[in-house]
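A.B. asks: Got a file for you: input_1.pdb, PDB, C-alpha atoms, pLDDT in the B column.
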```pdb
ATOM      1  CA  MET A   6     -18.510  11.060 -11.011  1.00 82.00           C
ATOM      2  CA  THR A   7     -15.712  10.583  -8.487  1.00 91.00           C
ATOM      3  CA  VAL A   8     -14.256   7.192  -7.665  1.00 86.00           C
ATOM      4  CA  GLU A   9     -13.498   6.921  -3.962  1.00 90.00           C
ATOM      5  CA  PRO A  10     -10.112   5.308  -3.161  1.00 85.00           C
ATOM      6  CA  ARG A  11     -11.566   2.716  -0.742  1.00 86.00           C
ATOM      7  CA  ALA A  12     -14.260   1.667  -3.216  1.00 88.00           C
ATOM      8  CA  PHE A  13     -11.618   1.428  -5.955  1.00 84.00           C
ATOM      9  CA  ARG A  14      -9.415  -0.745  -3.740  1.00 81.00           C
ATOM     10  CA  ASP A  15     -12.322  -2.980  -2.713  1.00 81.00           C
ATOM     11  CA  THR A  16     -13.421  -3.405  -6.322  1.00 84.00           C
ATOM     12  CA  LEU A  17      -9.920  -4.279  -7.543  1.00 75.00           C
ATOM     13  CA  GLY A  18      -9.620  -6.664  -4.591  1.00 76.00           C
ATOM     14  CA  ARG A  19     -12.154  -8.855  -6.378  1.00 77.00           C
ATOM     15  CA  VAL A  20      -9.477  -9.679  -8.974  1.00 74.00           C
ATOM     16  CA  PRO A  21      -7.392 -12.609  -7.716  1.00 78.00           C
ATOM     17  CA  THR A  22      -3.647 -12.065  -7.955  1.00 84.00           C
ATOM     18  CA  GLY A  23      -0.575 -14.139  -7.424  1.00 90.00           C
ATOM     19  CA  VAL A  24       1.652 -13.091  -4.538  1.00 95.00           C
ATOM     20  CA  THR A  25       5.269 -12.222  -5.236  1.00 97.00           C
ATOM     21  CA  VAL A  26       8.219 -10.983  -3.242  1.00 97.00           C
ATOM     22  CA  ILE A  27      10.396  -8.780  -5.424  1.00 98.00           C
ATOM     23  CA  THR A  28      14.013  -8.506  -4.263  1.00 97.00           C
ATOM     24  CA  THR A  29      17.114  -6.527  -5.123  1.00 97.00           C
ATOM     25  CA  THR A  30      20.563  -5.875  -3.757  1.00 96.00           C
ATOM     26  CA  ALA A  31      21.525  -2.236  -3.352  1.00 93.00           C
ATOM     27  CA  GLN A  32      24.843  -0.818  -4.488  1.00 89.00           C
ATOM     28  CA  ASP A  33      26.121  -1.008  -0.891  1.00 92.00           C
ATOM     29  CA  GLY A  34      25.268  -4.739  -0.766  1.00 93.00           C
ATOM     30  CA  GLU A  35      22.177  -4.370   1.423  1.00 94.00           C
ATOM     31  CA  MET A  36      19.348  -6.715   0.384  1.00 95.00           C
ATOM     32  CA  HIS A  37      15.799  -5.431  -0.012  1.00 95.00           C
ATOM     33  CA  GLY A  38      12.466  -7.087  -0.668  1.00 96.00           C
ATOM     34  CA  VAL A  39       8.813  -6.169  -0.881  1.00 96.00           C
ATOM     35  CA  THR A  40       5.565  -8.109  -1.268  1.00 96.00           C
ATOM     36  CA  ILE A  41       3.888  -7.208  -4.552  1.00 95.00           C
ATOM     37  CA  GLY A  42       0.518  -8.257  -5.928  1.00 87.00           C
ATOM     38  CA  SER A  43       0.661  -5.928  -8.923  1.00 90.00           C
ATOM     39  CA  PHE A  44       3.039  -8.056 -10.992  1.00 95.00           C
ATOM     40  CA  SER A  45       2.424  -9.010 -14.607  1.00 95.00           C
ATOM     41  CA  SER A  46       3.980 -10.342 -17.758  1.00 95.00           C
ATOM     42  CA  LEU A  47       4.294  -7.619 -20.372  1.00 96.00           C
ATOM     43  CA  SER A  48       5.920  -9.019 -23.514  1.00 95.00           C
ATOM     44  CA  LEU A  49       7.208 -12.311 -24.885  1.00 95.00           C
ATOM     45  CA  GLU A  50       9.579 -10.689 -27.411  1.00 97.00           C
ATOM     46  CA  PRO A  51      11.519  -9.317 -25.683  1.00 97.00           C
ATOM     47  CA  PRO A  52      10.717 -11.168 -22.421  1.00 97.00           C
ATOM     48  CA  LEU A  53       9.445  -8.324 -20.204  1.00 97.00           C
ATOM     49  CA  VAL A  54       7.635  -8.227 -16.863  1.00 98.00           C
ATOM     50  CA  LEU A  55       6.415  -5.341 -14.752  1.00 97.00           C
ATOM     51  CA  PHE A  56       5.550  -4.587 -11.175  1.00 97.00           C
ATOM     52  CA  CYS A  57       4.219  -1.551  -9.378  1.00 96.00           C
ATOM     53  CA  LEU A  58       6.044  -0.236  -6.303  1.00 96.00           C
ATOM     54  CA  ASP A  59       4.430   2.087  -3.762  1.00 94.00           C
ATOM     55  CA  LYS A  60       6.257   5.413  -3.726  1.00 94.00           C
ATOM     56  CA  HIS A  61       6.187   5.290   0.089  1.00 91.00           C
ATOM     57  CA  ALA A  62       7.879   1.880   0.332  1.00 91.00           C
ATOM     58  CA  ASN A  63      11.022   2.016   2.467  1.00 90.00           C
ATOM     59  CA  CYS A  64      12.909   0.047  -0.206  1.00 92.00           C
ATOM     60  CA  ARG A  65      11.882   2.312  -3.092  1.00 94.00           C
ATOM     61  CA  GLN A  66      15.227   4.053  -3.539  1.00 94.00           C
ATOM     62  CA  ALA A  67      17.087   0.724  -3.614  1.00 95.00           C
ATOM     63  CA  PHE A  68      14.869  -0.460  -6.503  1.00 96.00           C
ATOM     64  CA  LEU A  69      15.163   2.858  -8.346  1.00 97.00           C
ATOM     65  CA  ASP A  70      18.971   2.787  -8.086  1.00 96.00           C
ATOM     66  CA  SER A  71      19.421  -0.901  -8.886  1.00 96.00           C
ATOM     67  CA  THR A  72      19.965  -2.334 -12.351  1.00 96.00           C
ATOM     68  CA  HIS A  73      18.524  -5.752 -11.425  1.00 97.00           C
ATOM     69  CA  PHE A  74      15.706  -7.349  -9.469  1.00 98.00           C
ATOM     70  CA  ALA A  75      14.226 -10.791  -8.936  1.00 98.00           C
ATOM     71  CA  VAL A  76      10.602 -11.911  -8.850  1.00 98.00           C
ATOM     72  CA  ASN A  77       9.851 -14.704  -6.364  1.00 97.00           C
ATOM     73  CA  VAL A  78       6.395 -16.214  -7.001  1.00 96.00           C
ATOM     74  CA  LEU A  79       5.308 -17.519  -3.616  1.00 96.00           C
ATOM     75  CA  ALA A  80       3.992 -21.019  -3.006  1.00 95.00           C
ATOM     76  CA  GLU A  81       0.680 -21.605  -1.241  1.00 94.00           C
ATOM     77  CA  ASP A  82       2.454 -22.366   2.058  1.00 94.00           C
ATOM     78  CA  GLN A  83       4.457 -19.103   2.060  1.00 95.00           C
ATOM     79  CA  SER A  84       1.887 -16.603   3.386  1.00 94.00           C
ATOM     80  CA  ALA A  85       4.160 -15.925   6.397  1.00 94.00           C
ATOM     81  CA  LEU A  86       6.973 -14.952   4.017  1.00 95.00           C
ATOM     82  CA  SER A  87       4.583 -12.620   2.207  1.00 94.00           C
ATOM     83  CA  SER A  88       3.668 -10.983   5.525  1.00 92.00           C
ATOM     84  CA  ILE A  89       7.338 -10.407   6.416  1.00 92.00           C
ATOM     85  CA  PHE A  90       7.870  -8.386   3.247  1.00 94.00           C
ATOM     86  CA  ALA A  91       4.451  -6.658   3.274  1.00 91.00           C
ATOM     87  CA  THR A  92       5.318  -4.162   6.011  1.00 81.00           C
ATOM     88  CA  LYS A  93       6.679  -0.820   4.837  1.00 70.00           C
ATOM     89  CA  ASN A  94       9.079   0.025   7.647  1.00 64.00           C
ATOM     90  CA  ALA A  95      10.230  -3.091   9.496  1.00 66.00           C
ATOM     91  CA  PRO A  96      13.760  -4.414   8.866  1.00 69.00           C
ATOM     92  CA  ARG A  97      13.835  -7.790   7.140  1.00 75.00           C
ATOM     93  CA  PRO A  98      15.191 -10.764   9.097  1.00 84.00           C
ATOM     94  CA  TRP A  99      17.408 -12.022   6.267  1.00 91.00           C
ATOM     95  CA  HIS A 100      19.410 -14.169   8.705  1.00 90.00           C
ATOM     96  CA  ASP A 101      16.243 -16.205   9.433  1.00 91.00           C
ATOM     97  CA  LEU A 102      15.200 -16.680   5.795  1.00 95.00           C
ATOM     98  CA  ASP A 103      16.059 -19.459   3.350  1.00 95.00           C
ATOM     99  CA  TYR A 104      17.436 -17.741   0.257  1.00 96.00           C
ATOM    100  CA  PHE A 105      20.383 -17.727  -2.130  1.00 96.00           C
ATOM    101  CA  ILE A 106      21.817 -15.066  -4.422  1.00 97.00           C
ATOM    102  CA  GLY A 107      20.856 -15.263  -8.090  1.00 96.00           C
ATOM    103  CA  ALA A 108      23.751 -15.506 -10.530  1.00 95.00           C
ATOM    104  CA  ALA A 109      21.986 -13.401 -13.192  1.00 94.00           C
ATOM    105  CA  SER A 110      20.678 -10.639 -10.915  1.00 94.00           C
ATOM    106  CA  GLY A 111      22.665 -10.633  -7.696  1.00 94.00           C
ATOM    107  CA  ALA A 112      19.285 -10.393  -5.954  1.00 96.00           C
ATOM    108  CA  PRO A 113      18.067 -12.737  -3.223  1.00 97.00           C
ATOM    109  CA  LEU A 114      16.045 -15.708  -4.502  1.00 97.00           C
ATOM    110  CA  MET A 115      13.712 -17.252  -1.956  1.00 97.00           C
ATOM    111  CA  ALA A 116      13.744 -21.030  -1.505  1.00 95.00           C
ATOM    112  CA  GLY A 117      10.501 -22.984  -1.909  1.00 95.00           C
ATOM    113  CA  THR A 118       8.840 -20.634  -4.383  1.00 96.00           C
ATOM    114  CA  VAL A 119       6.941 -21.881  -7.426  1.00 96.00           C
ATOM    115  CA  ALA A 120       8.890 -19.644  -9.806  1.00 96.00           C
ATOM    116  CA  ARG A 121      11.776 -17.188  -9.864  1.00 97.00           C
ATOM    117  CA  ILE A 122      12.555 -14.626 -12.562  1.00 98.00           C
ATOM    118  CA  GLU A 123      15.813 -12.702 -12.540  1.00 98.00           C
ATOM    119  CA  CYS A 124      15.618  -9.418 -14.435  1.00 98.00           C
ATOM    120  CA  THR A 125      17.541  -6.370 -15.516  1.00 98.00           C
ATOM    121  CA  THR A 126      15.674  -3.118 -15.064  1.00 98.00           C
ATOM    122  CA  GLU A 127      14.703  -1.712 -18.471  1.00 97.00           C
ATOM    123  CA  VAL A 128      12.700   1.389 -17.583  1.00 98.00           C
ATOM    124  CA  ILE A 129      10.775   2.986 -14.722  1.00 98.00           C
ATOM    125  CA  HIS A 130       7.575   4.955 -15.327  1.00 98.00           C
ATOM    126  CA  ASP A 131       5.479   7.150 -13.083  1.00 97.00           C
ATOM    127  CA  GLY A 132       2.180   5.535 -12.142  1.00 96.00           C
ATOM    128  CA  GLY A 133       0.439   7.940  -9.765  1.00 94.00           C
ATOM    129  CA  ASP A 134       1.264   6.873  -6.213  1.00 93.00           C
ATOM    130  CA  HIS A 135       3.343   3.963  -7.592  1.00 95.00           C
ATOM    131  CA  ASP A 136       6.368   3.524  -9.830  1.00 98.00           C
ATOM    132  CA  ILE A 137       6.041   1.016 -12.679  1.00 98.00           C
ATOM    133  CA  LEU A 138       9.246  -0.978 -13.044  1.00 98.00           C
ATOM    134  CA  ILE A 139       9.744  -2.934 -16.249  1.00 98.00           C
ATOM    135  CA  GLY A 140      12.364  -5.649 -16.331  1.00 98.00           C
ATOM    136  CA  ARG A 141      13.841  -7.949 -18.957  1.00 98.00           C
ATOM    137  CA  ALA A 142      13.965 -11.601 -17.876  1.00 98.00           C
ATOM    138  CA  LYS A 143      17.518 -12.961 -17.838  1.00 98.00           C
ATOM    139  CA  ALA A 144      17.038 -16.244 -15.953  1.00 98.00           C
ATOM    140  CA  LEU A 145      14.002 -18.379 -15.093  1.00 97.00           C
ATOM    141  CA  GLU A 146      13.281 -21.235 -12.727  1.00 94.00           C
ATOM    142  CA  THR A 147       9.977 -22.977 -12.031  1.00 93.00           C
ATOM    143  CA  ASP A 148       8.675 -25.739  -9.798  1.00 84.00           C
ATOM    144  CA  ALA A 149       6.460 -27.848 -12.054  1.00 73.00           C
ATOM    145  CA  ILE A 150       4.407 -29.251  -9.179  1.00 78.00           C
ATOM    146  CA  GLY A 151       4.232 -26.224  -6.876  1.00 85.00           C
ATOM    147  CA  ARG A 152       1.014 -24.315  -6.332  1.00 91.00           C
ATOM    148  CA  PRO A 153       0.954 -20.497  -6.050  1.00 93.00           C
ATOM    149  CA  LEU A 154      -0.270 -18.372  -3.177  1.00 94.00           C
ATOM    150  CA  ILE A 155      -3.280 -16.264  -4.232  1.00 90.00           C
ATOM    151  CA  PHE A 156      -4.576 -12.991  -2.770  1.00 89.00           C
ATOM    152  CA  PHE A 157      -8.295 -12.281  -3.159  1.00 84.00           C
ATOM    153  CA  ALA A 158     -10.811 -10.042  -1.357  1.00 84.00           C
ATOM    154  CA  GLY A 159      -8.339  -8.991   1.312  1.00 84.00           C
ATOM    155  CA  GLY A 160      -6.952 -12.413   2.214  1.00 83.00           C
ATOM    156  CA  TYR A 161      -4.636 -15.208   1.169  1.00 84.00           C
ATOM    157  CA  ARG A 162      -6.259 -18.050  -0.759  1.00 86.00           C
ATOM    158  CA  GLN A 163      -5.257 -21.396  -2.199  1.00 83.00           C
ATOM    159  CA  LEU A 164      -6.315 -23.072  -5.392  1.00 82.00           C
ATOM    160  CA  ALA A 165      -8.756 -25.955  -5.043  1.00 79.00           C
ATOM    161  CA  ALA A 166      -7.185 -29.394  -4.792  1.00 74.00           C
ATOM    162  CA  ASP A 167      -5.965 -30.694  -8.137  1.00 64.00           C
ATOM    163  CA  GLU A 168      -8.067 -33.713  -9.061  1.00 49.00           C
ATOM    164  CA  SER A 169      -5.935 -34.782 -12.016  1.00 46.00           C
ATOM    165  CA  PRO A 170      -3.653 -37.830 -11.563  1.00 36.00           C
TER     166      PRO A 170
END
```
Turn this file's structure into structure tokens for me.
C.D. replies:
Amino acid sequence: MTVEPRAFRDTLGRVPTGVTVITTTAQDGEMHGVTIGSFSSLSLEPPLVLFCLDKHANCRQAFLDSTHFAVNVLAEDQSALSSIFATKNAPRPWHDLDYFIGAASGAPLMAGTVARIECTTEVIHDGGDHDILIGRAKALETDAIGRPLIFFAGGYRQLAADESP
């Protein structure tokens, strides 16, 4: 039995995911970022995370060459930011974005996110049409009251209103 790529994508689209923008700074100082839904925790000891990067992404070489990256977990009101970094070929308008450089990673950290994780790159594995990048967390920051942006069934979603006091 053969699994058709579109059916596979549609089926996996039924799994809700958080939306992240992963960033790095290349050796020449150029900043790069990409919207990633395939992000996950991997290990508590040591503190490892992973994300999967399309081998056709225009920023791929920057991530492969870099020793650090940052995970920016987007807030529910940041779907426009996700869209900016979701395109494969367009230049990023860094001058229009609210960010600062992380002390632990040297990567851009986006303002207004619900969490940020600065990492050193541990290992990169082949994953078919994606690379699997594993990073060790070096610095963490969370917004205790922020709510994450969710992607489900081909569109951005928000969690239901919190009814707790």
A.B. asks: For the file shown, report as a list in words the outcome of the PyMOL selection byres ((chain A and resi 73) around 9) at residue level.
C.D. replies: Thr28, Thr29, Thr30, Phe68, Ser71, Thr72, Phe74, Ala75, Ala109, Ser110, Gly111, Ala112, Glu123, Cys124, Thr125, Thr126, Glu127 and Gly140 of chain A
A.B. asks: Residues of region 106-135 of chain A within 12 Å of region 9-23 of chain A: nearest atom pair and distance (Å, one decimal) for each, counting all atoms listed in the file, sorted by chain and number, as a Markdown table?
C.D. replies:
```
| residue | atom | partner | partner_atom | distance |
| --- | --- | --- | --- | --- |
| A:Thr118 | CA | A:Gly23 | CA | 11.8 |
| A:Val119 | CA | A:Gly23 | CA | 10.8 |
| A:Ala120 | CA | A:Gly23 | CA | 11.2 |
| A:Asp134 | CA | A:Pro10 | CA | 11.9 |
```
A.B. asks: Which polymer residues have any atom within 12 Å of an atom of Arg65 (chain A), counting all atoms listed in the file, with same-chain residues fewer than 5 positions away left out, as a PyMOL selection string?
C.D. replies: chain A and resi 27-31+37-39+57-60+70-71+93-94+129+134-138
A.B. asks: At what distance in Å, to one decimal, does CA of Val24 (chain A) lie from CA of Ala144 (chain A)?
C.D. replies: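 Those two atoms sit 19.4 Å apart.
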A.B. asks: For the atom pair CA of Ala80 (chain A) and CA of Gly151 (chain A), what is the interatomic distance in Å to one decimal place?
C.D. replies: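 One can read the CA of Ala80 (chain A) to CA of Gly151 (chain A) distance as 6.5 Å.
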A.B. asks: Here's the selection I'm unsure about, the PyMOL selection byres ((chain A and resi 82) around 12); applied to the file above, which residues does it give, as an MDAnalysis selection string?
C.D. replies: chainID A and resid 24 78:81 83:88 116:119 151:155 161:164
A.B. asks: CA of Thr25 (chain A) to CA of His130 (chain A): how many Å, to one decimal?
C.D. replies: 20.1 Å
A.B. asks: Name the residues captured by the PyMOL selection byres ((chain A and resi 147) around 7) when it is applied to the shown file; answer as a PDB file with C-alpha atoms, in the coordinates of the input.
C.D. replies:
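Dumped to expr_7.pdb:
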```
ATOM      1  CA  VAL A 119       6.941 -21.881  -7.426  1.00 96.00           C
ATOM      2  CA  ALA A 120       8.890 -19.644  -9.806  1.00 96.00           C
ATOM      3  CA  ARG A 121      11.776 -17.188  -9.864  1.00 97.00           C
ATOM      4  CA  LEU A 145      14.002 -18.379 -15.093  1.00 97.00           C
ATOM      5  CA  GLU A 146      13.281 -21.235 -12.727  1.00 94.00           C
ATOM      6  CA  ASP A 148       8.675 -25.739  -9.798  1.00 84.00           C
ATOM      7  CA  ALA A 149       6.460 -27.848 -12.054  1.00 73.00           C
TER       8      ALA A 149
END
```
A.B. asks: Just checking: using all atoms listed in the file, which residue out of A:Ala67, A:Met115, A:Ala158, A:Val128 ends up closest to Met36 (chain A)?
C.D. replies: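 Result for the nearest residue to Met36 (chain A): A:Ala67.
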A.B. asks: Point out the residue among A:Leu47, A:Pro98, A:Ala108, A:Phe156 with the least atom-to-atom distance to Arg141 (chain A), counting only C-alpha atoms.
C.D. replies: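 Between A:Leu47, A:Pro98, A:Ala108, A:Phe156, the residue approaching Arg141 (chain A) most closely is A:Leu47.
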A.B. asks: Can you work out which one of A:Phe105, A:Ser48, A:Ser43, A:Val26 has the shortest atom-to-atom distance to Ile89 (chain A), counting all atoms listed in the file?
C.D. replies: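 Using all atoms listed in the file, the shortest distance to Ile89 (chain A) belongs to A:Val26.
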